[in-house]
Amino acid sequence: MTTLRTAHEDPGATGPGVLEARLTGLSRAEFARDFWARTALLNRRAGDFSDLFSAAAVDELIARRGLRTPFLRVARNGATLPDTAYTSPAGVGATIADQLDDTALWREFADGATLVLQALHRTWQPVAEFCAGLGTELGHPVQANAYVTPPQNRGFDDHYDVHDVFVLQIEGTKRWLVHRPVHPDPLRDQPWTDRRPAVAEAAASEPYLDVVLAPGDVLYLPRGWLHAAEAQGAVSVHLTLGIHTWTRYALAEQLAQTALATLREDPALRATLPLGVDGPGGDLEMVRASLTAALAQADPAPLFHRARRAQGRPAPLGPLAQLAAVDTLGPDTPVRLRGALAPRLEGNRLTTRAGWLEFPDTELPAVARLLDGASHRAGDLGVALVTRLLRAGVLVPDDERAADGD
């Protein structure tokens with residue numbers, strides 16, 4: 001069996017971010033050099049993740065939050081069950097039929113089904129905050145699912161994901177069999193189901209890694225790495241953080257889109273091909289030359305930043321708290337930039353996940369100041385400007401500084 005390098009058993013918490021302090025036990029440079037998008041990493045006893053998720057959180061979400069599909073799916077013996085097997089209306093005033101039915105879910109779980117709580121970065125605040133911080137640190141968007149598996153059961157057969165994953169074992173233990181990729185670095189539209197025979201053949205060979213994860217362990221797998229997992233002697237709960245990595249292919253797509261947008265404005269390229277044409281003929285070389293020139297001049301950066309903004313959401317915003325902040329605003333009110341906005345100030349335009357705004361030259365220095373993410377007095381920025389940005393959902397009150405009386 002291939003020797004697996006593991007992270008330091010005592011990762012400490014001295015690193016600047018969650019990647020080192022809570023996930024890998026390695027410096028950012030070490031992880032980037034030796035593991036990121038390359039190979040598996042096992043970090044034993046990375047820490048206690050009960051602040052993020054727990055068995056109690058599973059019961060809370062299923063029994064009391066009124067979740068609907070697709071926030072949960074159910075799998076047994078390698079197959080996903082139809083939504084109708086575990087959803088139903090919820091009585092008077094809540095007759096929507098795709099709400100989770102906790103009784104039906106209990107019966108499926110007791111019969112060996114795995115419960116998959118999806119998009120926890122939208123439904124469970126501690127996980128949402130963790131994912132937002134990790135996504136900012138990595139520069140790639142992060143989602144989170146929880147997998148809850150009864151003892152001696154597995155939810156899914158050997159497969160690969162089209163995104164990188166960090167597996168955080170929360171409760172119980174789970175045995176993982178990991179194999180090298182049959183299709184390295186798959187794109188989003190290249191799922192494992194397109195390569196079932198190759199996946200099955202590889203899964204029958206000696207694994208790269210055969211390990212039982214215990215609470216506090218973390219496993220990193222780049223996209224394309226085959227894996228299957230089975231709960232051991234108790235219920236297993238683990239978090240999977242999915243890293244939806246940007247690729248060079250994605251940049252190529254955006255470069256091509258930018259070039260094509262330029263060619264749309266060229267009358268020669270919009271011209272009709274000759275009557276009776278049955279092939280590209282001599283027009284192909286002219287089009288090729290025009291496309292090559294457009295590619296050489298194309299700047300895909302605006303499209304890249306738009307796409308990145310679209311893959312994430314800004315930090316939560318409470319409408320009532322925001323209205324109170326507007327109504328009570330004064331020169332001494334502390335405010336700060338809303339989290340996870342992905343702001344960019346280009347010329348006189350500020351573009352964020354909450355929309356875009358344009359400013360006169362006189363306000364640009366104040367706008368540039370608030371982009372540092374620090375707390376600022378409204379009077380230092382300009383009360384009228386702060387009012388506009390609060391109403392736009394770009395600024396939020398800095399409640400911590402206000403509580404400190406600073």
# chains A, B, ... in the order shown; residues from 1 in each chain; ligands from 1
call {"tool": "select_by_dssp", "arguments": {"residues": "stretch 134-208 of chain A", "states": "strand (DSSP E or B)", "output": "list of chain:residue names"}}
result
A:Val142, A:Gln143, A:Ala144, A:Asn145, A:Ala146, A:Tyr147, A:Val148, A:Thr149, A:His159, A:Asp164, A:Val165, A:Phe166, A:Val167, A:Leu168, A:Gln169, A:Ile170, A:Glu171, A:Lys174, A:Arg175, A:Trp176, A:Leu177, A:Val178, A:His179
call {"tool": "select_by_dssp", "arguments": {"residues": "stretch 21-196 of chain A", "states": "helix (DSSP H, G or I)", "output": "PyMOL selection string"}}
result
chain A and resi 21-24+28-34+55-64+83-85+102-110+120-123+125-138+192-196
call {"tool": "residues_around", "arguments": {"residues": "A:Arg336", "least_positions_apart": "5", "cutoff": "7 Å", "atoms": "only C-alpha atoms", "output": "JSON, numbers by chain"}}
result
{"A": [370, 373, 374, 375, 376, 395, 396, 397, 398]}
